[in-house]
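Visitor: The structure's right below; bear with me while I get my questions together.
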Amino acid sequence: MIVLIFHGSRDPDHNLQAAELARALGLGYAFMETEPRFRGGVGVPMFVADGADYRHAAEVATVKAPPLLRWPGFADYLKGLGAQLYIFHGPDRGDVAALGLPVAFLEGEPSIEDAPCVETAAPVVLTRGYIYKKIAAKYSRCQANLLPPLAEQPTFIEYLRRTLPIIISRYRQADIATNY
């Protein structure tokens, strides 16, 4: 069974949306920080960008996929959202800057606190959990239309349906090929 591995959170909204995203794709799910934990199967880390949490998930995953920012077509997906500002958790380890998009970070530079007010901003997070809520609170000084998290975007679910088979094929460890 294919299992999407998320961070997990004390925020039930994150955990619920992660589970719903996996179910929408007909897949299992697991968390690094809460139950259910990853206990086997074809595990794919689901993190937007590189960082300690992503690297920890990649260690236990059986599909050593990079963060979403390095998935084929993900940068184009983000650009297609048409936002004037893309807000990431941060800090940037180079992947975000490489997108060439106007960005701000909840943690890191350029800071969300100094970001210009725009008509439409896209928090680039998977779920409406703690990080999304914190972005919304900090950016509330602007009257921007905040796009929903990726898990609430039907086009993102379609993107995953198209791209996950490519990622699994490209990054699956050879010794688990028979566990499908």
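Quick note on naming: the chains in the structure tokens go A, B, ... in the order shown, residues restart at 1 in each chain, and ligands are numbered from 1 in order of appearance.
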Counting only C-alpha atoms, which residues of stretch 96-180 of chain A fall within 10 Å of stretch 81-84 of chain A, and what is the closest atom pair for each with its distance in Å at one decimal, ordered by chain and rising number, as JSON lines?

Guide:
```
{"residue": "A:Leu101", "atom": "CA", "partner": "A:Gln84", "partner_atom": "CA", "distance": 8.5}
{"residue": "A:Pro102", "atom": "CA", "partner": "A:Gln84", "partner_atom": "CA", "distance": 6.7}
{"residue": "A:Val103", "atom": "CA", "partner": "A:Gln84", "partner_atom": "CA", "distance": 8.7}
{"residue": "A:Pro116", "atom": "CA", "partner": "A:Gln84", "partner_atom": "CA", "distance": 9.5}
{"residue": "A:Cys117", "atom": "CA", "partner": "A:Gln84", "partner_atom": "CA", "distance": 9.1}
{"residue": "A:Val118", "atom": "CA", "partner": "A:Gln84", "partner_atom": "CA", "distance": 6.1}
{"residue": "A:Glu119", "atom": "CA", "partner": "A:Gln84", "partner_atom": "CA", "distance": 7.1}
{"residue": "A:Thr120", "atom": "CA", "partner": "A:Ala83", "partner_atom": "CA", "distance": 5.1}
{"residue": "A:Ala121", "atom": "CA", "partner": "A:Ala83", "partner_atom": "CA", "distance": 5.2}
{"residue": "A:Ala122", "atom": "CA", "partner": "A:Ala83", "partner_atom": "CA", "distance": 5.9}
{"residue": "A:Pro123", "atom": "CA", "partner": "A:Ala83", "partner_atom": "CA", "distance": 9.6}
{"residue": "A:Ala144", "atom": "CA", "partner": "A:Gln84", "partner_atom": "CA", "distance": 9.8}
{"residue": "A:Asn145", "atom": "CA", "partner": "A:Ala83", "partner_atom": "CA", "distance": 9.3}
{"residue": "A:Leu146", "atom": "CA", "partner": "A:Ala83", "partner_atom": "CA", "distance": 9.0}
{"residue": "A:Leu147", "atom": "CA", "partner": "A:Ala83", "partner_atom": "CA", "distance": 8.3}
{"residue": "A:Thr155", "atom": "CA", "partner": "A:Leu81", "partner_atom": "CA", "distance": 9.8}
```

Visitor: Name all residues at most 9 Å from A:Leu27 (count only C-alpha atoms; drop same-chain ones fewer than 6 positions away) and give them as a PyMOL selection string.

Guide: chain A and resi 1-4+21

Visitor: Given the selection you just returned, output its residues as a file containing all heavy atoms, formatted as a PDB file, in the first residue's frame.

Guide:
```pdb
ATOM      1  N   MET A   1       0.837  -1.190   0.000  1.00  0.00           N
ATOM      2  CA  MET A   1       0.000   0.000   0.000  1.00  0.00           C
ATOM      3  C   MET A   1       0.881   1.253   0.000  1.00  0.00           C
ATOM      4  O   MET A   1       1.872   1.330   0.711  1.00  0.00           O
ATOM      5  CB  MET A   1      -0.895   0.013   1.233  1.00  0.00           C
ATOM      6  CG  MET A   1      -1.552   1.360   1.452  1.00  0.00           C
ATOM      7  SD  MET A   1      -2.665   1.420   2.831  1.00  0.00           S
ATOM      8  CE  MET A   1      -4.149   1.719   1.940  1.00  0.00           C
ATOM      9  N   ILE A   2       0.468   2.245  -0.763  1.00  0.00           N
ATOM     10  CA  ILE A   2       1.162   3.534  -0.794  1.00  0.00           C
ATOM     11  C   ILE A   2       0.665   4.367   0.382  1.00  0.00           C
ATOM     12  O   ILE A   2      -0.539   4.498   0.607  1.00  0.00           O
ATOM     13  CB  ILE A   2       0.925   4.267  -2.123  1.00  0.00           C
ATOM     14  CG1 ILE A   2       1.483   3.425  -3.281  1.00  0.00           C
ATOM     15  CG2 ILE A   2       1.559   5.654  -2.100  1.00  0.00           C
ATOM     16  CD1 ILE A   2       1.115   3.941  -4.646  1.00  0.00           C
ATOM     17  N   VAL A   3       1.618   4.926   1.128  1.00  0.00           N
ATOM     18  CA  VAL A   3       1.318   5.706   2.329  1.00  0.00           C
ATOM     19  C   VAL A   3       1.987   7.067   2.202  1.00  0.00           C
ATOM     20  O   VAL A   3       3.206   7.150   2.037  1.00  0.00           O
ATOM     21  CB  VAL A   3       1.829   4.984   3.596  1.00  0.00           C
ATOM     22  CG1 VAL A   3       1.565   5.816   4.839  1.00  0.00           C
ATOM     23  CG2 VAL A   3       1.225   3.589   3.714  1.00  0.00           C
ATOM     24  N   LEU A   4       1.188   8.126   2.285  1.00  0.00           N
ATOM     25  CA  LEU A   4       1.739   9.478   2.302  1.00  0.00           C
ATOM     26  C   LEU A   4       2.162   9.796   3.728  1.00  0.00           C
ATOM     27  O   LEU A   4       1.380   9.630   4.665  1.00  0.00           O
ATOM     28  CB  LEU A   4       0.699  10.494   1.830  1.00  0.00           C
ATOM     29  CG  LEU A   4       0.128  10.265   0.430  1.00  0.00           C
ATOM     30  CD1 LEU A   4      -0.883  11.346   0.086  1.00  0.00           C
ATOM     31  CD2 LEU A   4       1.235  10.203  -0.606  1.00  0.00           C
ATOM     32  N   LEU A  21      -6.784  14.184   2.316  1.00  0.00           N
ATOM     33  CA  LEU A  21      -6.024  14.247   1.071  1.00  0.00           C
ATOM     34  C   LEU A  21      -5.617  12.847   0.629  1.00  0.00           C
ATOM     35  O   LEU A  21      -5.784  12.470  -0.526  1.00  0.00           O
ATOM     36  CB  LEU A  21      -4.789  15.146   1.238  1.00  0.00           C
ATOM     37  CG  LEU A  21      -3.845  15.232   0.036  1.00  0.00           C
ATOM     38  CD1 LEU A  21      -4.547  15.793  -1.189  1.00  0.00           C
ATOM     39  CD2 LEU A  21      -2.634  16.088   0.394  1.00  0.00           C
TER      40      LEU A  21
END
```

Visitor: Counting only C-alpha atoms, which residue out of A:Tyr86, A:Arg23, A:Gly100, A:Arg93 sits closest to A:Ile112?

Guide: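 Ranked by minimum distance to A:Ile112, first place goes to A:Tyr86.
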
Visitor: Need to verify the contact set: stretch 125-139 of chain A, 10 Å, only C-alpha atoms, exclusion of same-chain residues closer than 3 positions in sequence. Can you return it as number ranges by chain?

Guide: A: 6, 8-18, 21, 46-49, 87-89, 105-106, 112-117, 121-122, 142-144, 146, 148-153, 156

Visitor: Give me a file of those residues, with N, CA and C atoms, as a tab-separated table (two decimals), in the first residue's frame.

Guide:
```tsv
chain	number	residue	atom	x	y	z
A	6	PHE	N	3.15	12.52	6.37
A	6	PHE	CA	3.05	13.94	6.71
A	6	PHE	C	3.75	14.20	8.04
A	8	GLY	N	2.41	15.72	10.77
A	8	GLY	CA	1.54	15.47	11.91
A	8	GLY	C	1.63	16.66	12.86
A	9	SER	N	0.58	16.85	13.65
A	9	SER	CA	0.51	18.06	14.46
A	9	SER	C	-0.43	17.86	15.64
A	10	ARG	N	-0.27	18.71	16.64
A	10	ARG	CA	-1.27	18.75	17.71
A	10	ARG	C	-2.53	19.46	17.23
A	11	ASP	N	-2.43	20.14	16.08
A	11	ASP	CA	-3.59	20.80	15.48
A	11	ASP	C	-4.41	19.75	14.72
A	12	PRO	N	-5.61	19.44	15.19
A	12	PRO	CA	-6.39	18.39	14.53
A	12	PRO	C	-6.78	18.73	13.10
A	13	ASP	N	-6.83	20.02	12.74
A	13	ASP	CA	-7.17	20.40	11.37
A	13	ASP	C	-6.12	19.89	10.39
A	14	HIS	N	-4.84	19.97	10.78
A	14	HIS	CA	-3.77	19.46	9.92
A	14	HIS	C	-3.95	17.96	9.72
A	15	ASN	N	-4.10	17.24	10.80
A	15	ASN	CA	-4.18	15.79	10.72
A	15	ASN	C	-5.40	15.33	9.92
A	16	LEU	N	-6.53	15.99	10.14
A	16	LEU	CA	-7.74	15.63	9.42
A	16	LEU	C	-7.59	15.90	7.93
A	17	GLN	N	-7.06	17.05	7.57
A	17	GLN	CA	-6.90	17.36	6.14
A	17	GLN	C	-5.88	16.47	5.47
A	18	ALA	N	-4.81	16.12	6.17
A	18	ALA	CA	-3.83	15.20	5.60
A	18	ALA	C	-4.49	13.85	5.32
A	21	LEU	N	-6.78	14.18	2.32
A	21	LEU	CA	-6.02	14.25	1.07
A	21	LEU	C	-5.62	12.85	0.63
A	46	MET	N	5.62	13.77	2.33
A	46	MET	CA	4.81	14.86	1.76
A	46	MET	C	5.14	16.16	2.49
A	47	PHE	N	6.16	16.84	2.01
A	47	PHE	CA	6.63	18.10	2.58
A	47	PHE	C	6.87	19.07	1.44
A	48	VAL	N	6.54	20.32	1.65
A	48	VAL	CA	6.69	21.32	0.59
A	48	VAL	C	8.17	21.59	0.31
A	49	ALA	N	8.95	21.78	1.36
A	49	ALA	CA	10.35	22.20	1.19
A	49	ALA	C	11.27	21.38	2.08
A	87	ILE	N	3.49	32.58	0.11
A	87	ILE	CA	3.97	32.62	1.49
A	87	ILE	C	4.32	31.20	1.94
A	88	PHE	N	5.59	31.02	2.32
A	88	PHE	CA	6.10	29.72	2.75
A	88	PHE	C	6.40	29.76	4.25
A	89	HIS	N	6.51	28.56	4.82
A	89	HIS	CA	6.86	28.46	6.23
A	89	HIS	C	8.29	28.96	6.43
A	105	PHE	N	8.23	34.71	3.92
A	105	PHE	CA	8.35	33.56	4.81
A	105	PHE	C	7.80	33.89	6.19
A	106	LEU	N	7.14	32.90	6.76
A	106	LEU	CA	6.72	33.01	8.14
A	106	LEU	C	7.96	33.04	9.04
A	112	ILE	N	7.23	37.70	6.27
A	112	ILE	CA	5.83	38.01	6.01
A	112	ILE	C	5.44	39.35	6.62
A	113	GLU	N	6.11	39.72	7.69
A	113	GLU	CA	5.79	40.98	8.36
A	113	GLU	C	6.16	42.20	7.51
A	114	ASP	N	7.11	42.03	6.60
A	114	ASP	CA	7.53	43.11	5.72
A	114	ASP	C	6.99	42.97	4.30
A	115	ALA	N	6.22	41.92	4.06
A	115	ALA	CA	5.72	41.64	2.71
A	115	ALA	C	4.70	42.69	2.28
A	116	PRO	N	4.70	43.01	1.01
A	116	PRO	CA	3.71	43.98	0.53
A	116	PRO	C	2.31	43.38	0.58
A	117	CYS	N	1.33	44.24	0.70
A	117	CYS	CA	-0.06	43.80	0.64
A	117	CYS	C	-0.43	43.62	-0.84
A	121	ALA	N	-2.87	36.23	-2.23
A	121	ALA	CA	-1.66	35.60	-1.70
A	121	ALA	C	-1.91	34.10	-1.55
A	122	ALA	N	-0.88	33.32	-1.77
A	122	ALA	CA	-0.98	31.87	-1.70
A	122	ALA	C	-0.09	31.33	-0.59
A	142	CYS	N	-3.17	42.81	5.91
A	142	CYS	CA	-3.56	43.10	4.54
A	142	CYS	C	-4.95	42.53	4.29
A	143	GLN	N	-5.64	43.09	3.36
A	143	GLN	CA	-6.98	42.61	3.03
A	143	GLN	C	-6.93	41.65	1.83
A	144	ALA	N	-5.87	40.87	1.76
A	144	ALA	CA	-5.67	39.97	0.63
A	144	ALA	C	-6.64	38.78	0.67
A	146	LEU	N	-6.66	35.17	0.63
A	146	LEU	CA	-5.73	34.07	0.86
A	146	LEU	C	-6.27	32.81	0.20
A	148	PRO	N	-6.71	28.86	-0.46
A	148	PRO	CA	-6.75	27.76	0.50
A	148	PRO	C	-5.46	26.95	0.43
A	149	PRO	N	-5.21	26.14	1.46
A	149	PRO	CA	-4.03	25.27	1.42
A	149	PRO	C	-4.14	24.28	0.26
A	150	LEU	N	-3.03	23.70	-0.10
A	150	LEU	CA	-2.97	22.81	-1.27
A	150	LEU	C	-3.99	21.67	-1.18
A	151	ALA	N	-4.18	21.08	0.00
A	151	ALA	CA	-5.08	19.95	0.15
A	151	ALA	C	-6.53	20.30	-0.18
A	152	GLU	N	-6.88	21.57	-0.16
A	152	GLU	CA	-8.25	22.00	-0.48
A	152	GLU	C	-8.41	22.40	-1.94
A	153	GLN	N	-7.37	22.27	-2.72
A	153	GLN	CA	-7.42	22.66	-4.12
A	153	GLN	C	-7.60	21.42	-5.00
A	156	PHE	N	-4.79	20.60	-7.19
A	156	PHE	CA	-3.61	20.00	-6.56
A	156	PHE	C	-3.79	18.50	-6.42
```

Visitor: Which residues are close to stretch 60-63 of chain A, i.e. within 10 Å by only C-alpha atoms, leaving aside same-chain residues fewer than 5 positions away? Reply as a list in words.

Guide: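 Near stretch 60-63 of chain A, the qualifying residues are Ile2, Val3, Leu4, Ile5, Met32, Phe38, Arg39, Gly40, Gly41, Val42, Gly43, Val44, Pro45, Arg55, Ile167, Ile168, Ser169, Arg170, Tyr171, Arg172, Gln173, Ala174, Asp175, Ile176 and Ala177 of chain A.
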
Visitor: From stretch 10-171 of chain A, collect each residue whose DSSP state is strand (DSSP E or B) and return the set as a list in words.

Guide: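 DSSP on the backbone gives strand (DSSP E or B) at Gly28, Tyr29, Ala30, Phe31, Arg37, Val42, Gly43, Val44, Pro45, Val63, Leu85, Tyr86, Ile87, Phe88, Val103, Ala104, Phe105, Ser111, Thr120, Ala121, Ala122, Pro123, Asn145 and Leu146 of chain A.
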
Visitor: Rank A:Tyr29, A:Asp92, A:Glu20, A:Pro72 by their smallest atom-to-atom distance to A:Pro165, using only C-alpha atoms, and report the top residue only.

Guide: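 Using only C-alpha atoms, the shortest distance to A:Pro165 belongs to A:Pro72.
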
Visitor: Of the candidates A:Leu69, A:Val96, A:Glu35, A:Ala22, which one gets nearest to A:Gly108 if we count only C-alpha atoms?

Guide: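 Using only C-alpha atoms, A:Gly108 sits closest to A:Val96.
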